[in-house]
$ cat my_file25.pdb   # PDB, C-alpha atoms
ATOM      1  CA  MET A 201       0.000   0.000   0.000
ATOM      2  CA  LYS A 202       2.729   2.419   0.921
ATOM      3  CA  GLY A 203       4.628   3.909  -1.978
ATOM      4  CA  SER A 204       1.627   3.870  -4.275
ATOM      5  CA  TYR A 205       1.134   7.599  -3.933
ATOM      6  CA  ARG A 206       3.452   9.792  -5.954
ATOM      7  CA  GLY A 207       3.896  13.421  -5.084
ATOM      8  CA  ILE A 208       6.352  15.801  -6.684
ATOM      9  CA  VAL A 209       9.724  14.084  -6.528
ATOM     10  CA  PRO A 210      13.134  15.101  -7.852
ATOM     11  CA  GLY A 211      13.931  13.911 -11.372
ATOM     12  CA  PRO A 212      16.210  10.874 -11.840
ATOM     13  CA  MET A 213      19.321  12.983 -12.543
ATOM     14  CA  ALA A 214      18.854  15.098  -9.429
ATOM     15  CA  LYS A 215      18.306  11.944  -7.389
ATOM     16  CA  ALA A 216      21.435  10.298  -8.818
ATOM     17  CA  ASP A 217      23.492  13.430  -8.020
ATOM     18  CA  THR A 218      22.217  13.400  -4.441
ATOM     19  CA  GLN A 219      23.052   9.704  -4.075
ATOM     20  CA  ILE A 220      26.614  10.226  -5.339
ATOM     21  CA  GLY A 221      26.909  13.197  -2.973
ATOM     22  CA  ASP A 222      25.671  11.027  -0.100
ATOM     23  CA  VAL A 223      28.190   8.260  -0.822
ATOM     24  CA  GLN A 224      31.008  10.801  -0.614
ATOM     25  CA  LEU A 225      29.476  12.367   2.471
ATOM     26  CA  VAL A 226      29.285   9.019   4.274
ATOM     27  CA  ALA A 227      32.887   8.218   3.334
ATOM     28  CA  ARG A 228      34.080  11.569   4.695
ATOM     29  CA  LEU A 229      32.091  11.161   7.909
ATOM     30  CA  LYS A 230      33.603   7.716   8.404
ATOM     31  CA  GLN A 231      37.065   9.284   7.948
ATOM     32  CA  ARG A 232      36.121  11.668  10.809
ATOM     33  CA  ASP A 233      36.112  14.718   8.560
ATOM     34  CA  LYS A 234      34.185  17.281  10.601
ATOM     35  CA  SER A 235      33.567  19.571   7.640
ATOM     36  CA  ALA A 236      31.322  16.796   6.262
ATOM     37  CA  LEU A 237      28.865  17.611   9.055
ATOM     38  CA  GLU A 238      28.570  21.153   7.751
ATOM     39  CA  GLN A 239      27.963  19.819   4.284
ATOM     40  CA  LEU A 240      25.333  17.504   5.734
ATOM     41  CA  ILE A 241      23.534  20.551   7.084
ATOM     42  CA  GLN A 242      23.779  22.232   3.680
ATOM     43  CA  ILE A 243      22.334  19.254   1.813
ATOM     44  CA  HIS A 244      19.906  17.658   4.263
ATOM     45  CA  GLY A 245      19.490  20.314   6.943
ATOM     46  CA  ALA A 246      16.111  21.568   5.712
ATOM     47  CA  LYS A 247      14.521  18.141   5.977
ATOM     48  CA  MET A 248      16.194  17.413   9.317
ATOM     49  CA  TYR A 249      14.879  20.732  10.578
ATOM     50  CA  GLY A 250      11.403  19.793   9.318
ATOM     51  CA  VAL A 251      11.558  16.531  11.310
ATOM     52  CA  ALA A 252      12.830  18.325  14.421
ATOM     53  CA  LEU A 253      10.127  20.983  14.174
ATOM     54  CA  GLN A 254       7.364  18.392  13.790
ATOM     55  CA  PHE A 255       8.449  16.850  17.075
ATOM     56  CA  MET A 256       9.249  19.965  19.059
ATOM     57  CA  ARG A 257       7.079  22.713  17.487
ATOM     58  CA  ASN A 258       9.530  25.511  18.244
ATOM     59  CA  GLU A 259      12.866  26.618  16.884
ATOM     60  CA  HIS A 260      14.796  26.539  20.137
ATOM     61  CA  ASP A 261      13.941  22.917  20.945
ATOM     62  CA  ALA A 262      14.319  21.943  17.275
ATOM     63  CA  ARG A 263      17.885  23.276  17.388
ATOM     64  CA  GLU A 264      18.678  21.034  20.368
ATOM     65  CA  VAL A 265      17.251  18.071  18.481
ATOM     66  CA  MET A 266      19.404  18.859  15.458
ATOM     67  CA  GLN A 267      22.487  19.127  17.653
ATOM     68  CA  ASP A 268      21.718  15.787  19.299
ATOM     69  CA  ALA A 269      21.125  14.281  15.869
ATOM     70  CA  LEU A 270      24.489  15.576  14.620
ATOM     71  CA  VAL A 271      26.243  13.970  17.588
ATOM     72  CA  SER A 272      24.387  10.676  16.975
ATOM     73  CA  ILE A 273      25.229  10.723  13.274
ATOM     74  CA  TRP A 274      28.875  11.385  14.113
ATOM     75  CA  ASN A 275      28.996   8.598  16.692
ATOM     76  CA  LYS A 276      26.968   6.026  14.768
ATOM     77  CA  ILE A 277      28.154   6.575  11.221
ATOM     78  CA  GLY A 278      30.422   3.535  11.594
ATOM     79  CA  SER A 279      27.361   1.323  11.921
ATOM     80  CA  PHE A 280      25.702   2.729   8.784
ATOM     81  CA  GLU A 281      26.131  -0.043   6.239
ATOM     82  CA  GLY A 282      24.224   1.510   3.368
ATOM     83  CA  LYS A 283      21.382  -1.028   3.504
ATOM     84  CA  SER A 284      18.882   1.834   3.591
ATOM     85  CA  ALA A 285      19.211   5.221   1.915
ATOM     86  CA  PHE A 286      21.443   7.594   3.846
ATOM     87  CA  THR A 287      18.665  10.191   3.836
ATOM     88  CA  SER A 288      16.213   7.761   5.498
ATOM     89  CA  TRP A 289      18.852   6.916   8.067
ATOM     90  CA  ILE A 290      19.568  10.518   9.045
ATOM     91  CA  TYR A 291      15.868  11.363   9.270
ATOM     92  CA  ARG A 292      15.386   8.373  11.543
ATOM     93  CA  VAL A 293      18.270   9.472  13.718
ATOM     94  CA  THR A 294      16.700  12.934  13.882
ATOM     95  CA  ALA A 295      13.290  11.460  14.721
ATOM     96  CA  ASN A 296      14.848   9.425  17.530
ATOM     97  CA  ALA A 297      16.589  12.529  18.832
ATOM     98  CA  GLY A 298      13.197  14.286  18.722
ATOM     99  CA  LEU A 299      11.544  11.533  20.698
ATOM    100  CA  MET A 300      14.298  11.539  23.318
ATOM    101  CA  ALA A 301      14.045  15.327  23.622
ATOM    102  CA  LEU A 302      10.276  15.123  24.139
ATOM    103  CA  ARG A 303      10.753  12.562  26.874
ATOM    104  CA  LYS A 304      13.352  14.710  28.588
ATOM    105  CA  LYS A 305      11.049  17.713  28.361
ATOM    106  CA  LYS A 306       8.175  15.761  29.877
ATOM    107  CA  ARG A 307      10.330  14.666  32.772
ATOM    108  CA  ARG A 308      11.415  18.261  33.343
ATOM    109  CA  GLU A 309       7.854  19.526  33.278
ATOM    110  CA  ASN A 310       6.717  16.608  35.432
ATOM    111  CA  ASP A 311       3.945  16.212  32.901
ATOM    112  CA  VAL A 312       1.978  13.154  31.880
ATOM    113  CA  SER A 313       4.032  10.259  30.635
ATOM    114  CA  LEU A 314       4.333   9.713  26.908
ATOM    115  CA  ASP A 315       3.440   6.097  27.538
ATOM    116  CA  THR A 316       0.309   6.289  29.598
ATOM    117  CA  ALA A 317      -1.871   9.340  29.190
ATOM    118  CA  ALA A 318      -3.775   8.678  25.970
ATOM    119  CA  SER A 319      -6.855   6.557  25.975
ATOM    120  CA  ASP A 320      -6.140   3.322  24.157
ATOM    121  CA  ASP A 321      -9.735   2.228  24.408
ATOM    122  CA  ASP A 322     -11.020   1.660  20.880
ATOM    123  CA  ASP A 323     -14.452   2.966  21.807
ATOM    124  CA  ALA A 324     -13.243   6.234  23.297
ATOM    125  CA  PRO A 325     -13.818   9.285  21.087
ATOM    126  CA  VAL A 326     -10.953  10.152  18.752
ATOM    127  CA  PRO A 327      -9.215  13.460  19.429
ATOM    128  CA  ALA A 328     -10.975  16.319  17.652
ATOM    129  CA  LEU A 329      -8.622  18.510  15.636
ATOM    130  CA  ARG A 330      -9.516  22.027  14.598
ATOM    131  CA  LEU A 331      -7.879  23.255  11.436
ATOM    132  CA  ARG A 332      -7.671  26.977  10.849
ATOM    133  CA  ASP A 333     -10.815  28.149   9.099
ATOM    134  CA  LYS A 334      -9.745  29.683   5.822
ATOM    135  CA  GLY A 335     -13.219  30.347   4.528
ATOM    136  CA  PRO A 336     -14.634  28.490   1.535
ATOM    137  CA  LEU A 337     -12.518  25.672   0.174
ATOM    138  CA  PRO A 338     -10.322  26.706  -2.763
ATOM    139  CA  ASP A 339     -10.724  25.185  -6.222
ATOM    140  CA  LYS A 340      -9.179  21.819  -6.899
ATOM    141  CA  ALA A 341      -5.797  23.045  -8.180
ATOM    142  CA  ALA A 342      -5.306  25.426  -5.286
ATOM    143  CA  MET A 343      -6.511  22.744  -2.914
ATOM    144  CA  THR A 344      -3.834  20.341  -4.126
ATOM    145  CA  GLY A 345      -1.233  22.984  -3.375
ATOM    146  CA  GLU A 346      -2.704  23.680   0.027
ATOM    147  CA  LEU A 347      -3.048  20.049   0.936
ATOM    148  CA  GLY A 348       0.473  19.632   2.298
ATOM    149  CA  GLU A 349      -0.004  22.628   4.538
ATOM    150  CA  GLN A 350      -3.295  21.251   5.854
ATOM    151  CA  VAL A 351      -1.827  17.794   6.464
ATOM    152  CA  ARG A 352       1.002  19.326   8.475
ATOM    153  CA  ALA A 353      -1.412  21.544  10.398
ATOM    154  CA  ALA A 354      -3.565  18.523  11.261
ATOM    155  CA  ILE A 355      -0.561  16.502  12.464
ATOM    156  CA  ASP A 356       0.585  19.478  14.480
ATOM    157  CA  GLN A 357      -2.808  19.580  16.203
ATOM    158  CA  LEU A 358      -2.633  15.958  17.311
ATOM    159  CA  PRO A 359      -2.019  15.485  21.024
ATOM    160  CA  GLU A 360       1.640  14.658  21.498
ATOM    161  CA  LEU A 361       0.962  11.049  22.438
ATOM    162  CA  TYR A 362      -0.640  10.494  19.053
ATOM    163  CA  ARG A 363       1.640  12.737  17.023
ATOM    164  CA  VAL A 364       4.739  10.813  18.058
ATOM    165  CA  VAL A 365       3.437   7.430  16.887
ATOM    166  CA  VAL A 366       2.249   8.898  13.578
ATOM    167  CA  LEU A 367       5.637  10.508  12.991
ATOM    168  CA  LEU A 368       7.591   7.376  13.840
ATOM    169  CA  ARG A 369       5.362   4.851  12.100
ATOM    170  CA  ASP A 370       3.571   6.534   9.186
ATOM    171  CA  VAL A 371       6.104   9.239   8.365
ATOM    172  CA  GLU A 372       9.440   7.617   9.178
ATOM    173  CA  GLU A 373       8.064   4.101   8.569
ATOM    174  CA  LEU A 374       9.946   2.562  11.462
ATOM    175  CA  PRO A 375       9.053  -1.108  11.997
ATOM    176  CA  MET A 376       6.480  -1.703  14.744
ATOM    177  CA  ASN A 377       9.033  -3.295  17.078
ATOM    178  CA  GLU A 378      11.300  -0.247  16.797
ATOM    179  CA  VAL A 379       8.399   2.124  17.520
ATOM    180  CA  MET A 380       7.441  -0.013  20.505
ATOM    181  CA  GLU A 381      11.005   0.117  21.751
ATOM    182  CA  ALA A 382      11.325   3.859  21.169
ATOM    183  CA  THR A 383       8.008   4.766  22.812
ATOM    184  CA  GLY A 384       7.829   2.062  25.464
ATOM    185  CA  LEU A 385       4.294   1.215  24.325
ATOM    186  CA  SER A 386       2.885  -2.302  24.227
ATOM    187  CA  GLU A 387       1.835  -3.573  20.808
ATOM    188  CA  PRO A 388      -1.932  -3.240  21.461
ATOM    189  CA  ALA A 389      -1.484   0.256  22.886
ATOM    190  CA  LEU A 390       0.640   1.333  19.929
ATOM    191  CA  LYS A 391      -1.830  -0.047  17.369
ATOM    192  CA  SER A 392      -4.771   1.551  19.128
ATOM    193  CA  ARG A 393      -3.049   4.912  19.357
ATOM    194  CA  LEU A 394      -1.946   4.848  15.735
ATOM    195  CA  HIS A 395      -5.435   3.916  14.577
ATOM    196  CA  ARG A 396      -7.062   6.674  16.591
ATOM    197  CA  ALA A 397      -4.551   9.213  15.346
ATOM    198  CA  ARG A 398      -5.300   8.241  11.740
ATOM    199  CA  LEU A 399      -9.044   8.532  12.395
ATOM    200  CA  ALA A 400      -8.550  11.983  13.876
ATOM    201  CA  LEU A 401      -6.514  13.070  10.852
ATOM    202  CA  ARG A 402      -9.136  11.637   8.523
ATOM    203  CA  GLU A 403     -11.856  13.510  10.326
ATOM    204  CA  ALA A 404      -9.926  16.790  10.181
ATOM    205  CA  LEU A 405      -9.018  16.447   6.510
ATOM    206  CA  LEU A 406     -12.396  15.199   5.251
ATOM    207  CA  PRO A 407     -13.244  18.417   3.363
ATOM    208  CA  TYR A 408      -9.973  18.108   1.470
ATOM    209  CA  LEU A 409     -10.460  14.442   0.684
ATOM    210  CA  LYS A 410     -13.895  15.283  -0.706
ATOM    211  CA  GLY A 411     -12.495  18.173  -2.721
ATOM    212  CA  LEU A 412      -9.882  15.904  -4.223
ATOM    213  CA  ASP A 413     -12.538  13.411  -5.367
ATOM    214  CA  ILE A 414     -11.592  10.924  -2.698
ATOM    215  CA  GLN A 415     -15.150  10.041  -1.822
ATOM    216  CA  THR A 416     -15.981   9.662   1.797
ATOM    217  CA  PRO A 417     -19.146   8.831   3.664
TER     218      PRO A 417
ATOM    219  CA  MET B  32     -24.691  13.398  -2.355
ATOM    220  CA  SER B  33     -24.377  10.909  -5.238
ATOM    221  CA  MET B  34     -26.676   7.951  -5.931
ATOM    222  CA  LYS B  35     -23.790   5.740  -4.874
ATOM    223  CA  HIS B  36     -23.794   7.312  -1.434
ATOM    224  CA  ILE B  37     -27.553   7.286  -1.081
ATOM    225  CA  PHE B  38     -27.367   3.599  -1.887
ATOM    226  CA  GLY B  39     -24.454   3.246   0.518
ATOM    227  CA  PHE B  40     -26.398   4.933   3.317
ATOM    228  CA  PHE B  41     -29.319   2.546   2.888
ATOM    229  CA  GLY B  42     -26.816  -0.283   2.460
ATOM    230  CA  CYS B  43     -25.561   0.459   5.971
ATOM    231  CA  LEU B  44     -29.164   0.301   7.222
ATOM    232  CA  PHE B  45     -29.518  -3.113   5.635
ATOM    233  CA  HIS B  46     -26.391  -4.581   7.188
ATOM    234  CA  PRO B  47     -25.359  -2.361  10.107
ATOM    235  CA  GLY B  48     -23.577  -5.211  11.867
ATOM    236  CA  GLU B  49     -21.213  -5.742   8.972
ATOM    237  CA  CYS B  50     -20.508  -2.026   8.662
ATOM    238  CA  ARG B  51     -19.688  -1.831  12.373
ATOM    239  CA  ARG B  52     -17.479  -4.889  12.027
ATOM    240  CA  THR B  53     -15.644  -3.304   9.090
ATOM    241  CA  LYS B  54     -14.847  -0.224  11.154
ATOM    242  CA  LYS B  55     -13.697  -2.425  14.015
ATOM    243  CA  LEU B  56     -11.355  -4.390  11.757
ATOM    244  CA  LEU B  57     -10.181  -1.432   9.714
ATOM    245  CA  TYR B  58      -6.685  -1.177  11.206
ATOM    246  CA  GLU B  59      -5.945  -4.885  10.913
ATOM    247  CA  TYR B  60      -7.330  -4.989   7.367
ATOM    248  CA  VAL B  61      -5.259  -2.054   6.128
ATOM    249  CA  GLU B  62      -2.146  -3.408   7.830
ATOM    250  CA  GLY B  63      -2.724  -6.848   6.287
ATOM    251  CA  GLU B  64      -3.073  -8.541   9.669
ATOM    252  CA  LEU B  65      -6.395 -10.346   9.143
ATOM    253  CA  ASN B  66      -6.563 -14.057   8.513
ATOM    254  CA  GLN B  67      -7.622 -15.078   5.042
ATOM    255  CA  ASP B  68     -11.150 -16.049   5.970
ATOM    256  CA  THR B  69     -11.917 -12.779   7.806
ATOM    257  CA  GLN B  70     -10.300 -10.760   5.052
ATOM    258  CA  HIS B  71     -12.388 -12.535   2.424
ATOM    259  CA  LYS B  72     -15.621 -11.858   4.345
ATOM    260  CA  LEU B  73     -14.707  -8.225   4.837
ATOM    261  CA  GLU B  74     -13.881  -7.757   1.151
ATOM    262  CA  LYS B  75     -17.180  -9.363   0.213
ATOM    263  CA  HIS B  76     -18.918  -6.751   2.321
ATOM    264  CA  LEU B  77     -16.824  -3.957   0.762
ATOM    265  CA  ALA B  78     -17.948  -5.106  -2.674
ATOM    266  CA  ASP B  79     -21.587  -4.579  -1.569
ATOM    267  CA  CYS B  80     -21.186  -1.443   0.510
ATOM    268  CA  PRO B  81     -19.806   1.686  -1.179
ATOM    269  CA  THR B  82     -19.926   3.581   2.104
ATOM    270  CA  CYS B  83     -17.552   1.174   3.823
ATOM    271  CA  LEU B  84     -15.386   0.964   0.712
ATOM    272  CA  ASP B  85     -14.986   4.733   0.699
ATOM    273  CA  TYR B  86     -14.233   4.687   4.398
ATOM    274  CA  VAL B  87     -11.407   2.198   3.843
ATOM    275  CA  LYS B  88     -10.112   4.190   0.865
ATOM    276  CA  SER B  89     -10.060   7.433   2.785
ATOM    277  CA  TYR B  90      -8.241   5.756   5.693
ATOM    278  CA  ARG B  91      -5.545   4.495   3.317
ATOM    279  CA  THR B  92      -5.318   7.897   1.680
ATOM    280  CA  ILE B  93      -4.721   9.552   5.028
ATOM    281  CA  ILE B  94      -1.756   7.257   5.682
ATOM    282  CA  GLU B  95      -0.294   8.084   2.281
ATOM    283  CA  LEU B  96      -0.900  11.815   2.615
ATOM    284  CA  THR B  97       0.678  11.792   6.055
ATOM    285  CA  HIS B  98       3.726   9.974   4.764
ATOM    286  CA  HIS B  99       4.258  12.282   1.818
ATOM    287  CA  HIS B 100       3.287  15.643   3.241
ATOM    288  CA  ALA B 101       4.129  15.546   6.943
ATOM    289  CA  LEU B 102       7.565  17.004   6.529
ATOM    290  CA  ALA B 103       8.147  20.230   4.727
ATOM    291  CA  ASP B 104      11.555  21.289   3.508
ATOM    292  CA  THR B 105      11.835  24.053   6.043
ATOM    293  CA  PRO B 106      14.653  26.452   5.266
ATOM    294  CA  ILE B 107      16.912  26.709   8.296
ATOM    295  CA  PRO B 108      16.984  30.289   9.594
ATOM    296  CA  PRO B 109      20.478  31.750   8.952
ATOM    297  CA  ALA B 110      21.032  32.389  12.673
ATOM    298  CA  LEU B 111      20.292  28.746  13.447
ATOM    299  CA  LYS B 112      22.631  27.603  10.690
ATOM    300  CA  GLN B 113      25.373  29.719  12.240
ATOM    301  CA  LYS B 114      24.719  28.240  15.692
ATOM    302  CA  LEU B 115      24.918  24.730  14.264
ATOM    303  CA  ARG B 116      28.245  25.589  12.598
ATOM    304  CA  GLU B 117      29.593  26.804  15.947
ATOM    305  CA  PHE B 118      28.263  23.670  17.611
ATOM    306  CA  ILE B 119      30.093  21.505  15.082
ATOM    307  CA  GLU B 120      33.327  23.430  15.568
ATOM    308  CA  GLN B 121      33.244  23.627  19.349
ATOM    309  CA  ASN B 122      31.444  20.574  20.687
ATOM    310  CA  PRO B 123      33.901  18.197  22.369
ATOM    311  CA  GLU B 124      31.686  15.215  21.500
ATOM    312  CA  LEU B 125      32.429  15.807  17.846
ATOM    313  CA  LYS B 126      36.075  14.831  17.752
TER     314      LYS B 126
END

$ encode --input "my_file25.pdb" --output "structure tokens"
Amino acid sequence: MKGSYRGIVPGPMAKADTQIGDVQLVARLKQRDKSALEQLIQIHGAKMYGVALQFMRNEHDAREVMQDALVSIWNKIGSFEGKSAFTSWIYRVTANAGLMALRKKKRRENDVSLDTAASDDDDAPVPALRLRDKGPLPDKAAMTGELGEQVRAAIDQLPELYRVVVLLRDVEELPMNEVMEATGLSEPALKSRLHRARLALREALLPYLKGLDIQTP
Amino acid sequence: MSMKHIFGFFGCLFHPGECRRTKKLLYEYVEGELNQDTQHKLEKHLADCPTCLDYVKSYRTIIELTHHHALADTPIPPALKQKLREFIEQNPELK
């Protein structure tokens, strides 16, 4: 099912250039060339920042996540064997740094635990998300352009306990066992939370799905 | 509302139990976790019930949209880029 949707992606030449660049980047990082980290920021920093912001929602905390991710990349580059794309690997590292930072923040604030506060009861109401009211829906072309913005706004509105599982599982596509390990959730709790998060997103984005001819009841 | 959906609405009145069951099994179905027999029964219902079929489709679409649109390429503010450069140069963990 995943991978069937095709958005705007770089052309094959651009992709090949990036891959060659990544091979050289990995080699330089493995040779402990610190300037490669700066190049990493130049090439992949925008996406890493996007990941960090999705987790933390503010620039200051996102910067800490990026710093932690840089340290992890530096320390773990030896274990990167090239089985997955380098880009996927660094975004995962950044996502893990984001998750760790959220946990630390929760402990500091003595807030509810990431592992326990959401209702995992299938019959409990799904969280209601309120997207910014922009007036009448735009025409189809404009709506397609606005879709990404609305999807991000909806994810941003999810309670943290739901947002984290969506980011790790549906965005970063970490295997279930890795998400369980990262979040400390049991398998039933993780599945329930992921399902309820998807239902909440569906509910919030219904007008857009309808506008894009994705029929919904 | 199209004829298909009017039909679908009445379809749900005709077999509400199956529609409820579809919603209950939605996650497992989309993740491919159902056994063959249950999956077959559910797909038989989907073939008869446009409302449930659309529900499943929209659920799948949400997963795909989330995957492809969750992360924007967010330009790093120049000041942040500078701070990251300093971090790389000065942090003792990066030796």

$ residues_around --input "my_file25.pdb" --residues "Lys234 in chain A" --least-positions-apart "3" --cutoff "9 Å" --atoms "all atoms listed in the file" --output "list of chain:residue names"
A:Arg228, A:Leu229, A:Gln231, A:Leu237, A:Glu238, A:Trp274, B:Ile119, B:Glu120, B:Leu125, B:Lys126

$ atom_distance --input "my_file25.pdb" --atom1 "CA of Glu264 in chain A" --atom2 "CA of Ile290 in chain A"
15.5 Å

$ atom_distance --input "my_file25.pdb" --atom1 "CA of Ala101 in chain B" --atom2 "CA of Cys83 in chain B"
26.2 Å

$ atom_distance --input "my_file25.pdb" --atom1 "CA of Glu403 in chain A" --atom2 "CA of Met300 in chain A"
29.3 Å

$ interface_residues --input "my_file25.pdb" --of "chain B" --to "chain A" --cutoff "8 Å" --atoms "all atoms listed in the file" --output "JSON, numbers by chain"
{"B": [36, 58, 82, 83, 85, 86, 88, 89, 90, 91, 93, 94, 95, 96, 97, 98, 99, 100, 101, 102, 103, 104, 105, 106, 107, 111, 112, 115, 116, 118, 119, 120, 124, 125, 126]}

$ decode --input "my_file25.pdb" --residues "range 104-122 of chain B" --atoms "N, CA and C atoms" --output "PDB file, in the first residue's frame"
ATOM      1  N   ASP B 104      10.176  20.817   3.539  1.00  0.00           N
ATOM      2  CA  ASP B 104      11.555  21.289   3.508  1.00  0.00           C
ATOM      3  C   ASP B 104      11.520  22.679   4.111  1.00  0.00           C
ATOM      4  N   THR B 105      11.940  22.767   5.352  1.00  0.00           N
ATOM      5  CA  THR B 105      11.835  24.053   6.043  1.00  0.00           C
ATOM      6  C   THR B 105      13.199  24.729   6.037  1.00  0.00           C
ATOM      7  N   PRO B 106      13.340  25.810   5.298  1.00  0.00           N
ATOM      8  CA  PRO B 106      14.653  26.452   5.266  1.00  0.00           C
ATOM      9  C   PRO B 106      15.129  26.770   6.678  1.00  0.00           C
ATOM     10  N   ILE B 107      16.392  26.436   6.958  1.00  0.00           N
ATOM     11  CA  ILE B 107      16.912  26.709   8.296  1.00  0.00           C
ATOM     12  C   ILE B 107      17.195  28.204   8.408  1.00  0.00           C
ATOM     13  N   PRO B 108      16.677  28.865   9.431  1.00  0.00           N
ATOM     14  CA  PRO B 108      16.984  30.289   9.594  1.00  0.00           C
ATOM     15  C   PRO B 108      18.502  30.486   9.660  1.00  0.00           C
ATOM     16  N   PRO B 109      19.025  31.542   8.994  1.00  0.00           N
ATOM     17  CA  PRO B 109      20.478  31.750   8.952  1.00  0.00           C
ATOM     18  C   PRO B 109      21.131  31.744  10.342  1.00  0.00           C
ATOM     19  N   ALA B 110      20.440  32.335  11.325  1.00  0.00           N
ATOM     20  CA  ALA B 110      21.032  32.389  12.673  1.00  0.00           C
ATOM     21  C   ALA B 110      21.192  30.976  13.237  1.00  0.00           C
ATOM     22  N   LEU B 111      20.215  30.128  12.963  1.00  0.00           N
ATOM     23  CA  LEU B 111      20.292  28.746  13.447  1.00  0.00           C
ATOM     24  C   LEU B 111      21.426  28.002  12.742  1.00  0.00           C
ATOM     25  N   LYS B 112      21.550  28.243  11.444  1.00  0.00           N
ATOM     26  CA  LYS B 112      22.631  27.603  10.690  1.00  0.00           C
ATOM     27  C   LYS B 112      23.989  27.981  11.300  1.00  0.00           C
ATOM     28  N   GLN B 113      24.123  29.243  11.647  1.00  0.00           N
ATOM     29  CA  GLN B 113      25.373  29.719  12.240  1.00  0.00           C
ATOM     30  C   GLN B 113      25.623  29.016  13.583  1.00  0.00           C
ATOM     31  N   LYS B 114      24.561  28.891  14.380  1.00  0.00           N
ATOM     32  CA  LYS B 114      24.719  28.240  15.692  1.00  0.00           C
ATOM     33  C   LYS B 114      25.117  26.772  15.516  1.00  0.00           C
ATOM     34  N   LEU B 115      24.568  26.135  14.506  1.00  0.00           N
ATOM     35  CA  LEU B 115      24.918  24.730  14.264  1.00  0.00           C
ATOM     36  C   LEU B 115      26.379  24.617  13.826  1.00  0.00           C
ATOM     37  N   ARG B 116      26.825  25.578  13.011  1.00  0.00           N
ATOM     38  CA  ARG B 116      28.245  25.589  12.598  1.00  0.00           C
ATOM     39  C   ARG B 116      29.148  25.699  13.835  1.00  0.00           C
ATOM     40  N   GLU B 117      28.786  26.617  14.734  1.00  0.00           N
ATOM     41  CA  GLU B 117      29.593  26.804  15.947  1.00  0.00           C
ATOM     42  C   GLU B 117      29.570  25.540  16.801  1.00  0.00           C
ATOM     43  N   PHE B 118      28.401  24.914  16.838  1.00  0.00           N
ATOM     44  CA  PHE B 118      28.263  23.670  17.611  1.00  0.00           C
ATOM     45  C   PHE B 118      29.206  22.607  17.056  1.00  0.00           C
ATOM     46  N   ILE B 119      29.233  22.509  15.722  1.00  0.00           N
ATOM     47  CA  ILE B 119      30.093  21.505  15.082  1.00  0.00           C
ATOM     48  C   ILE B 119      31.574  21.796  15.380  1.00  0.00           C
ATOM     49  N   GLU B 120      31.920  23.074  15.342  1.00  0.00           N
ATOM     50  CA  GLU B 120      33.327  23.430  15.568  1.00  0.00           C
ATOM     51  C   GLU B 120      33.744  23.235  17.020  1.00  0.00           C
ATOM     52  N   GLN B 121      32.836  23.530  17.945  1.00  0.00           N
ATOM     53  CA  GLN B 121      33.244  23.627  19.349  1.00  0.00           C
ATOM     54  C   GLN B 121      32.877  22.437  20.229  1.00  0.00           C
ATOM     55  N   ASN B 122      31.925  21.621  19.781  1.00  0.00           N
ATOM     56  CA  ASN B 122      31.444  20.574  20.687  1.00  0.00           C
ATOM     57  C   ASN B 122      32.492  19.475  20.876  1.00  0.00           C
TER      58      ASN B 122
END
